[in-house]
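Below is start_37.tsv, holding TSV, C-alpha atoms.
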```
chain	number	residue	atom	x	y	z
A	1	MET	CA	89.88	101.07	18.52
A	2	THR	CA	91.73	97.83	17.82
A	3	THR	CA	89.97	94.57	17.12
A	4	VAL	CA	91.06	93.25	20.51
A	5	GLU	CA	89.71	96.28	22.35
A	6	GLN	CA	86.49	95.94	20.38
A	7	ALA	CA	86.27	92.32	21.42
A	8	HIS	CA	86.67	93.30	25.08
A	9	ASP	CA	84.08	96.04	24.81
A	10	ASP	CA	81.60	93.67	23.22
A	11	HIS	CA	82.24	90.99	25.84
A	12	PRO	CA	83.44	92.64	29.05
A	13	ALA	CA	85.20	90.37	31.50
A	14	GLU	CA	82.72	88.72	33.80
A	15	PRO	CA	82.91	88.95	37.60
A	16	ALA	CA	85.13	86.51	39.41
A	17	HIS	CA	82.36	84.42	40.89
A	18	ASP	CA	81.44	83.42	37.38
A	19	ASP	CA	84.72	81.63	36.98
A	20	HIS	CA	82.86	78.37	36.68
A	21	ALA	CA	81.72	79.66	33.34
A	22	HIS	CA	84.82	77.55	32.79
A	23	ASP	CA	82.55	74.55	32.46
A	24	ASP	CA	85.39	72.13	31.95
A	25	HIS	CA	87.10	73.10	35.24
A	26	PRO	CA	87.08	70.24	37.73
A	27	THR	CA	84.49	70.31	40.50
A	28	GLU	CA	85.52	70.21	44.16
A	29	LYS	CA	84.67	66.51	44.25
A	30	LYS	CA	87.08	65.95	41.35
A	31	TYR	CA	89.79	67.84	43.23
A	32	TRP	CA	89.42	65.43	46.15
A	33	ILE	CA	89.63	62.46	43.77
A	34	ILE	CA	92.75	63.93	42.14
A	35	ALA	CA	94.34	64.42	45.58
A	36	LEU	CA	93.54	60.79	46.41
A	37	ILE	CA	95.18	59.64	43.18
A	38	LEU	CA	98.28	61.72	44.02
A	39	ALA	CA	98.41	60.21	47.51
A	40	VAL	CA	98.14	56.67	46.09
A	41	ILE	CA	100.94	57.31	43.57
A	42	THR	CA	103.13	58.68	46.39
A	43	ALA	CA	102.41	55.60	48.53
A	44	VAL	CA	103.31	53.31	45.61
A	45	GLU	CA	106.53	55.26	45.03
A	46	VAL	CA	107.55	54.91	48.67
A	47	ALA	CA	106.71	51.19	48.61
A	48	LEU	CA	108.76	50.76	45.43
A	49	SER	CA	111.78	52.31	47.09
A	50	TYR	CA	111.66	49.52	49.70
A	51	ILE	CA	111.13	46.65	47.24
A	52	ASP	CA	114.16	45.20	45.52
A	53	LEU	CA	113.18	45.29	41.86
A	54	GLY	CA	116.70	45.85	40.60
A	55	ASP	CA	117.08	48.20	37.68
A	56	ALA	CA	113.31	48.53	37.25
A	57	VAL	CA	112.94	50.71	40.35
A	58	ALA	CA	114.37	53.92	38.88
A	59	PRO	CA	112.18	53.97	35.72
A	60	LEU	CA	109.07	53.15	37.77
A	61	LEU	CA	109.83	55.94	40.25
A	62	LEU	CA	110.42	58.40	37.41
A	63	ILE	CA	107.13	57.42	35.75
A	64	GLY	CA	105.31	58.05	39.04
A	65	MET	CA	107.06	61.40	39.39
A	66	VAL	CA	106.13	62.52	35.87
A	67	MET	CA	102.51	61.43	36.41
A	68	LYS	CA	102.24	63.44	39.63
A	69	PHE	CA	103.93	66.46	38.02
A	70	PHE	CA	101.48	66.57	35.13
A	71	ILE	CA	98.43	65.85	37.28
A	72	VAL	CA	99.24	68.79	39.58
A	73	ALA	CA	100.15	71.09	36.66
A	74	SER	CA	97.12	70.12	34.57
A	75	TYR	CA	94.38	70.08	37.20
A	76	PHE	CA	95.50	72.07	40.24
A	77	MET	CA	97.33	74.73	38.18
A	78	HIS	CA	94.55	74.55	35.58
A	79	LEU	CA	97.12	74.33	32.80
A	80	LYS	CA	94.86	71.92	30.94
A	81	PHE	CA	92.02	74.43	30.93
A	82	ASP	CA	94.01	77.65	30.68
A	83	SER	CA	94.91	79.58	27.56
A	84	ARG	CA	97.56	78.49	25.11
A	85	VAL	CA	99.69	81.50	26.03
A	86	THR	CA	100.22	80.42	29.65
A	87	ARG	CA	100.70	76.80	28.61
A	88	ARG	CA	103.41	77.79	26.14
A	89	LEU	CA	105.16	80.02	28.67
A	90	PHE	CA	105.43	77.25	31.22
A	91	ILE	CA	106.14	74.41	28.81
A	92	SER	CA	108.91	76.36	27.07
A	93	GLY	CA	110.68	76.96	30.40
A	94	LEU	CA	110.22	73.33	31.37
A	95	ALA	CA	111.37	72.01	27.98
A	96	LEU	CA	114.42	74.27	28.03
A	97	ALA	CA	115.35	73.05	31.52
A	98	VAL	CA	114.85	69.36	30.67
A	99	THR	CA	116.87	69.64	27.43
A	100	CYS	CA	119.67	71.60	29.05
A	101	TYR	CA	120.10	69.27	32.02
A	102	LEU	CA	119.70	66.07	29.99
A	103	ALA	CA	122.60	67.34	27.87
A	104	MET	CA	124.57	67.90	31.07
A	105	PHE	CA	123.82	64.36	32.29
A	106	MET	CA	125.01	62.97	28.97
A	107	MET	CA	128.18	65.01	29.28
A	108	PHE	CA	128.80	63.38	32.67
A	109	ARG	CA	127.99	59.93	31.20
A	110	GLN	CA	125.02	59.39	33.52
A	111	PHE	CA	123.27	57.17	30.98
A	112	GLY	CA	126.21	54.90	30.18
A	113	PRO	CA	127.35	51.72	31.91
A	114	ARG	CA	127.40	52.03	35.70
A	115	GLU	CA	131.19	51.62	35.91
A	116	ASP	CA	131.66	54.60	33.56
A	117	ARG	CA	129.72	56.98	35.79
A	118	GLN	CA	132.07	59.51	37.29
A	119	ASP	CA	130.04	59.91	40.47
A	120	ILE	CA	130.18	56.15	41.17
A	121	ASN	CA	133.96	56.17	40.69
A	122	LEU	CA	134.18	58.96	43.20
A	123	ILE	CA	132.56	56.89	45.94
A	124	GLU	CA	135.59	54.66	46.14
A	125	THR	CA	138.32	57.22	46.03
A	126	GLY	CA	136.92	60.69	46.54
A	127	VAL	CA	138.78	61.87	43.45
A	128	PRO	CA	137.83	61.68	39.75
A	129	GLN	CA	139.11	58.58	37.92
A	130	ARG	CA	138.89	60.04	34.41
B	1	MET	CA	95.24	86.60	5.30
B	2	ALA	CA	96.50	89.13	7.84
B	3	ALA	CA	92.93	90.12	8.60
B	4	VAL	CA	92.07	86.48	9.30
B	5	ALA	CA	95.06	86.20	11.62
B	6	VAL	CA	94.04	89.35	13.50
B	7	GLU	CA	90.50	88.08	13.76
B	8	HIS	CA	91.76	84.73	15.05
B	9	GLY	CA	93.93	86.54	17.62
B	10	ALA	CA	90.98	88.63	18.72
B	11	ASP	CA	88.85	85.49	19.06
B	12	GLU	CA	91.51	83.87	21.21
B	13	ALA	CA	91.89	87.00	23.35
B	14	GLU	CA	88.14	87.13	23.76
B	15	HIS	CA	88.06	83.45	24.71
B	16	ASN	CA	90.86	83.95	27.22
B	17	ALA	CA	89.16	86.96	28.78
B	18	GLU	CA	85.94	85.02	29.14
B	19	ALA	CA	87.74	81.95	30.38
B	20	SER	CA	89.67	83.84	33.04
B	21	GLY	CA	86.41	85.25	34.29
B	22	HIS	CA	88.18	88.13	36.00
B	23	ALA	CA	88.05	91.86	35.44
B	24	HIS	CA	91.35	93.31	34.30
B	25	PRO	CA	92.45	95.97	31.82
B	26	PRO	CA	92.32	94.78	28.19
B	27	THR	CA	95.43	92.96	26.98
B	28	ASN	CA	96.30	91.51	23.58
B	29	THR	CA	96.09	87.97	24.92
B	30	GLY	CA	92.98	88.47	27.04
B	31	ILE	CA	94.97	87.27	30.05
B	32	SER	CA	96.02	89.73	32.74
B	33	ASN	CA	99.64	90.85	32.74
B	34	ASP	CA	100.00	89.64	36.35
B	35	LYS	CA	99.04	86.11	35.39
B	36	VAL	CA	101.31	86.07	32.34
B	37	ALA	CA	104.15	87.39	34.52
B	38	MET	CA	103.58	84.61	37.08
B	39	TRP	CA	103.61	81.91	34.39
B	40	ALA	CA	106.79	83.39	32.87
B	41	PHE	CA	108.35	83.47	36.35
B	42	LEU	CA	107.40	79.84	36.95
B	43	GLY	CA	108.87	78.89	33.56
B	44	SER	CA	112.15	80.50	34.62
B	45	GLU	CA	111.97	78.78	38.00
B	46	CYS	CA	112.02	75.46	36.14
B	47	LEU	CA	115.53	76.37	35.05
B	48	LEU	CA	116.61	77.37	38.55
B	49	PHE	CA	115.36	74.20	40.20
B	50	GLY	CA	116.51	72.14	37.21
B	51	ALA	CA	120.05	73.39	37.86
B	52	LEU	CA	119.87	72.63	41.58
B	53	ILE	CA	118.36	69.16	41.08
B	54	SER	CA	120.89	68.29	38.37
B	55	THR	CA	123.77	69.46	40.54
B	56	PHE	CA	122.57	67.27	43.39
B	57	PHE	CA	122.11	64.35	41.02
B	58	LEU	CA	125.69	64.63	39.79
B	59	TYR	CA	127.16	65.23	43.26
B	60	ARG	CA	125.00	62.85	45.29
B	61	SER	CA	127.80	60.26	45.56
B	62	ARG	CA	130.67	62.70	45.69
B	63	ALA	CA	131.77	62.04	49.23
B	64	PRO	CA	135.16	60.84	50.41
B	65	LEU	CA	135.13	57.56	52.31
B	66	GLY	CA	134.32	58.00	55.97
B	67	THR	CA	132.07	61.05	55.51
B	68	VAL	CA	128.30	60.98	55.84
B	69	LYS	CA	126.36	61.08	52.56
B	70	PRO	CA	122.72	62.20	52.30
B	71	HIS	CA	121.61	58.65	51.45
B	72	ASP	CA	123.10	57.40	54.74
B	73	VAL	CA	120.88	59.60	56.90
B	74	TYR	CA	117.55	59.79	55.07
B	75	ASP	CA	114.44	58.96	57.06
B	76	ILE	CA	112.12	57.99	54.19
B	77	PRO	CA	108.95	57.40	56.28
B	78	PHE	CA	109.31	60.86	57.86
B	79	THR	CA	109.92	62.59	54.51
B	80	SER	CA	107.05	60.65	52.93
B	81	VAL	CA	104.68	62.12	55.51
B	82	SER	CA	106.10	65.62	54.80
B	83	SER	CA	105.57	65.05	51.07
B	84	PHE	CA	102.00	63.94	51.68
B	85	ILE	CA	101.37	67.07	53.75
B	86	LEU	CA	102.66	69.32	50.97
B	87	LEU	CA	100.62	67.44	48.35
B	88	MET	CA	97.47	67.91	50.42
B	89	SER	CA	98.24	71.62	50.75
B	90	SER	CA	97.76	71.85	46.98
B	91	LEU	CA	94.28	70.41	47.47
B	92	THR	CA	93.39	72.96	50.16
B	93	MET	CA	94.78	75.75	47.95
B	94	VAL	CA	92.60	74.79	45.00
B	95	LEU	CA	89.58	74.49	47.33
B	96	ALA	CA	90.33	78.01	48.63
B	97	LEU	CA	90.31	79.39	45.09
B	98	SER	CA	87.14	77.51	44.28
B	99	ALA	CA	85.42	78.97	47.37
B	100	PHE	CA	86.64	82.50	46.58
B	101	ASN	CA	85.38	82.19	43.01
B	102	ARG	CA	81.97	81.38	44.49
B	103	ALA	CA	82.29	84.57	46.59
B	104	ASP	CA	82.46	82.44	49.76
B	105	SER	CA	85.14	84.51	51.48
B	106	ARG	CA	84.82	82.79	54.85
B	107	ARG	CA	85.44	79.32	53.44
B	108	ALA	CA	88.25	80.70	51.27
B	109	MET	CA	89.95	82.05	54.40
B	110	VAL	CA	89.59	78.68	56.13
B	111	TRP	CA	91.16	76.81	53.21
B	112	LEU	CA	93.91	79.42	52.78
B	113	SER	CA	94.73	79.17	56.49
B	114	ALA	CA	94.77	75.38	56.20
B	115	THR	CA	97.17	75.66	53.26
B	116	ALA	CA	99.46	77.97	55.23
B	117	LEU	CA	99.32	75.61	58.22
B	118	LEU	CA	100.20	72.59	56.07
B	119	GLY	CA	103.04	74.57	54.48
B	120	ALA	CA	104.34	75.61	57.89
B	121	THR	CA	104.14	71.97	59.05
B	122	PHE	CA	106.20	70.91	56.05
B	123	LEU	CA	108.75	73.62	56.86
B	124	GLY	CA	108.87	72.53	60.50
B	125	GLY	CA	109.52	68.98	59.32
B	126	GLN	CA	112.34	70.15	57.09
B	127	ILE	CA	113.99	72.11	59.90
B	128	TYR	CA	113.71	69.08	62.19
B	129	GLU	CA	115.19	66.88	59.43
B	130	PHE	CA	118.11	69.27	58.98
B	131	THR	CA	118.88	69.30	62.70
B	132	VAL	CA	118.85	65.49	62.81
B	133	PHE	CA	121.16	65.30	59.79
B	134	ILE	CA	123.58	67.79	61.33
B	135	ARG	CA	123.57	65.85	64.61
B	136	GLU	CA	124.42	62.71	62.62
B	137	GLY	CA	127.43	64.47	61.15
B	138	MET	CA	126.20	65.72	57.77
B	139	THR	CA	126.68	69.46	57.63
B	140	MET	CA	126.74	71.85	54.71
B	141	LYS	CA	130.55	71.54	54.56
B	142	THR	CA	130.88	67.77	55.01
B	143	ASN	CA	131.19	66.94	51.30
B	144	PRO	CA	129.88	68.07	47.88
B	145	ALA	CA	126.91	65.68	48.19
B	146	SER	CA	125.75	67.23	51.46
B	147	SER	CA	126.34	70.79	50.17
B	148	SER	CA	124.22	70.21	47.07
B	149	PHE	CA	121.54	68.52	49.23
B	150	TYR	CA	121.25	71.46	51.63
B	151	VAL	CA	121.32	74.06	48.84
B	152	LEU	CA	118.55	72.30	46.90
B	153	THR	CA	116.24	71.52	49.81
B	154	GLY	CA	117.06	74.87	51.45
B	155	PHE	CA	116.07	76.78	48.31
B	156	HIS	CA	112.85	74.82	48.13
B	157	GLY	CA	112.16	75.44	51.81
B	158	THR	CA	112.70	79.16	51.27
B	159	HIS	CA	110.13	79.08	48.48
B	160	VAL	CA	107.69	77.32	50.82
B	161	GLY	CA	108.36	79.95	53.49
B	162	ILE	CA	107.65	82.79	51.04
B	163	GLY	CA	104.49	80.95	49.96
B	164	VAL	CA	103.28	80.68	53.57
B	165	LEU	CA	103.80	84.45	54.03
B	166	ILE	CA	101.86	85.17	50.83
B	167	LEU	CA	99.00	82.92	51.99
B	168	LEU	CA	98.85	84.60	55.40
B	169	ALA	CA	98.84	88.02	53.69
B	170	LEU	CA	95.90	86.89	51.55
B	171	VAL	CA	93.98	85.72	54.64
B	172	ILE	CA	94.56	89.10	56.32
B	173	LEU	CA	93.55	91.03	53.18
B	174	ILE	CA	90.35	89.01	52.80
B	175	ALA	CA	89.54	89.35	56.51
B	176	LYS	CA	89.94	93.13	56.27
B	177	GLY	CA	87.77	93.24	53.17
B	178	ARG	CA	90.59	94.58	51.04
B	179	LEU	CA	90.56	91.55	48.75
B	180	THR	CA	87.13	90.79	47.32
B	181	PRO	CA	85.99	87.95	45.05
B	182	GLU	CA	86.05	90.38	42.10
B	183	ARG	CA	89.83	90.20	42.40
B	184	ALA	CA	89.94	86.42	42.78
B	185	GLU	CA	92.74	86.31	40.26
B	186	THR	CA	95.11	87.44	43.03
B	187	VAL	CA	94.32	84.21	44.89
B	188	GLU	CA	94.68	82.26	41.64
B	189	ILE	CA	98.14	83.72	41.01
B	190	ALA	CA	99.25	82.94	44.59
B	191	GLY	CA	97.85	79.46	44.03
B	192	LEU	CA	99.96	79.02	40.89
B	193	TYR	CA	103.07	79.78	42.93
B	194	TRP	CA	102.01	77.37	45.67
B	195	HIS	CA	101.24	74.53	43.27
B	196	PHE	CA	104.59	75.08	41.57
B	197	VAL	CA	106.36	74.73	44.92
B	198	ASP	CA	104.46	71.48	45.38
B	199	VAL	CA	105.33	70.25	41.90
B	200	VAL	CA	109.02	70.96	42.51
B	201	TRP	CA	108.86	68.87	45.68
B	202	VAL	CA	107.30	66.03	43.68
B	203	VAL	CA	110.51	65.97	41.63
B	204	VAL	CA	112.83	66.56	44.60
B	205	PHE	CA	111.24	63.80	46.67
B	206	THR	CA	111.69	61.24	43.90
B	207	VAL	CA	115.10	62.28	42.61
B	208	VAL	CA	116.74	63.19	45.91
B	209	TYR	CA	115.17	60.77	48.39
B	210	LEU	CA	113.77	57.75	46.57
B	211	LEU	CA	116.04	57.07	43.59
B	212	PRO	CA	118.72	54.57	44.56
B	213	LEU	CA	122.36	55.57	44.12
```

I'd like the structure from this file rewritten - as structure tokens, please.
Amino acid sequence: MTTVEQAHDDHPAEPAHDDHAHDDHPTEKKYWIIALILAVITAVEVALSYIDLGDAVAPLLLIGMVMKFFIVASYFMHLKFDSRVTRRLFISGLALAVTCYLAMFMMFRQFGPREDRQDINLIETGVPQR
Amino acid sequence: MAAVAVEHGADEAEHNAEASGHAHPPTNTGISNDKVAMWAFLGSECLLFGALISTFFLYRSRAPLGTVKPHDVYDIPFTSVSSFILLMSSLTMVLALSAFNRADSRRAMVWLSATALLGATFLGGQIYEFTVFIREGMTMKTNPASSSFYVLTGFHGTHVGIGVLILLALVILIAKGRLTPERAETVEIAGLYWHFVDVVWVVVFTVVYLLPL
């Protein structure tokens, strides 16, 4: 018998209704509060899209988006309380995607001066300028 | 040294098995293979949706003059309500799992049905939005911006549709007594999928609808 099997035999998995042996899992009240926070962030995002804050709008919207993403992943998907294995599986996919597509954006000069952006040039003419 | 590592691994597996709180055959990690598979699937879905979102981002202005771009036809208040509905469906999903973990099958069915209903409402909103956009002259073939918009939101809508079917199947299984709280992990895994669909929409809503050109 392997050590792992021994460990399981010594501590058999408990029935599902004991899931709240997970003491650090949020309570239902906390879930409602989290949902309220998500709703408020969404409302602020929508309001921001109507307010003319110039170049500050995009970073603020992205911050709101990242906050909502991690709140849902951490609390509703229980990533914060789950095992390291599941966390690594998800984070590695996410990190790979973010790295890959950031590289693609850089290739298309999305972070450079506005006039250098190929997609902006295309608005005027419908054909690439560079 | 190796013995310490094995012992540490066993401790972690034991912790994971206890933390999951569900009965499943022993695994090296202490987490069921189904759950690991779902997380791996969701990790790979990040790449799929990352590709679709990036493509839209690069193509969002690629429209010859005189053609309708997505940003010309958006109805932000309407889509904001849809987004709110989908966000709240994540709340009902987590409440369903919480109820099922407490062996309260009836309440779990109510919350699962509510989640499916909210998901279906979101889908209905998306179909309505598409018909309005098409009536205003933005079809799949109008320009690269519209194509990438429909492909991205269509893929997401398909995921929502699959999620609604899974939720309805769970409600039927629980009602027939074929899914008991001892197998609550099935609901948890379906919940992971549903929350992921929600989390993708969080990104889509900001990047596609709210970010200025």

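CA of His156 in chain B sits 16.8 Å away from CA of Val81 in chain B.
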
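Going from CA of Lys30 in chain A to CA of Leu79 in chain A covers 15.6 Å.
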
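Taking CA of Leu91 in chain B and CA of Tyr209 in chain B as endpoints, the distance between them is 23.0 Å.
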
The residues within 9 Å of (95.0, 85.7, 52.9), using all atoms listed in the file and the coordinates of the file, should be reported as a PDB file with C-alpha atoms, in the frame of the given file; which are they?
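Below is the file selection-v9.pdb, written as the result:
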```
ATOM      1  CA  ALA B 108      88.250  80.700  51.270  1.00  0.00           C
ATOM      2  CA  MET B 109      89.950  82.050  54.400  1.00  0.00           C
ATOM      3  CA  LEU B 112      93.910  79.420  52.780  1.00  0.00           C
ATOM      4  CA  SER B 113      94.730  79.170  56.490  1.00  0.00           C
ATOM      5  CA  LEU B 165     103.800  84.450  54.030  1.00  0.00           C
ATOM      6  CA  ILE B 166     101.860  85.170  50.830  1.00  0.00           C
ATOM      7  CA  LEU B 167      99.000  82.920  51.990  1.00  0.00           C
ATOM      8  CA  LEU B 168      98.850  84.600  55.400  1.00  0.00           C
ATOM      9  CA  ALA B 169      98.840  88.020  53.690  1.00  0.00           C
ATOM     10  CA  LEU B 170      95.900  86.890  51.550  1.00  0.00           C
ATOM     11  CA  VAL B 171      93.980  85.720  54.640  1.00  0.00           C
ATOM     12  CA  ILE B 172      94.560  89.100  56.320  1.00  0.00           C
ATOM     13  CA  LEU B 173      93.550  91.030  53.180  1.00  0.00           C
ATOM     14  CA  ILE B 174      90.350  89.010  52.800  1.00  0.00           C
ATOM     15  CA  ALA B 175      89.540  89.350  56.510  1.00  0.00           C
ATOM     16  CA  LEU B 179      90.560  91.550  48.750  1.00  0.00           C
ATOM     17  CA  VAL B 187      94.320  84.210  44.890  1.00  0.00           C
TER      18      VAL B 187
END
```

Can you list, as a short mmCIF file (atom, residue, chain, number, x, y, z; two decimals) with C-alpha atoms, in the frame of the given file, every protein, DNA or RNA residue that comes within 9 Å of Thr86 in chain A when you count only C-alpha atoms, leaving out same-chain residues fewer than 5 positions away?
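Writing the result to out.cif gives the following:
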```
data_model
loop_
_atom_site.label_atom_id
_atom_site.label_comp_id
_atom_site.auth_asym_id
_atom_site.auth_seq_id
_atom_site.Cartn_x
_atom_site.Cartn_y
_atom_site.Cartn_z
CA LEU A 79 97.12 74.33 32.80
CA ILE A 91 106.14 74.41 28.81
CA ILE B 31 94.97 87.27 30.05
CA LYS B 35 99.04 86.11 35.39
CA VAL B 36 101.31 86.07 32.34
CA TRP B 39 103.61 81.91 34.39
CA ALA B 40 106.79 83.39 32.87
#
```

ask   = For chain A, which residue out of B:Phe133, B:Met138, B:Glu182, B:Val197 is the nearest one, using all atoms listed in the file?
value = B:Glu182

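Contact shell of Ser146 in chain B at 10 Å (all atoms listed in the file; same-chain neighbours under 4 positions omitted): Phe56, Tyr59, Arg60, Ser61, Arg62, Ala63, Thr67, Val68, Lys69, Pro70, His71, Phe133, Met138, Thr139, Met140, Lys141, Thr142, Tyr150, Val151 and Leu152 of chain B.
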
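In terms of minimum interatomic distance to chain A, B:Asn101 ranks closest within B:Ser89, B:Thr79, B:Thr180, B:Asn101, counting all atoms listed in the file.
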
inquiry  = I want to know what sits within 10 Å of Cys46 in chain B, based on all atoms listed in the file, with residues of the same chain fewer than 5 positions away left out; could you give that as a list in words?
reply    = Phe90, Ile91, Ser92, Gly93, Leu94, Ala95, Leu96, Ala97 and Val98 of chain A; Phe41, Ala51, Leu52, Phe196 and Val200 of chain B
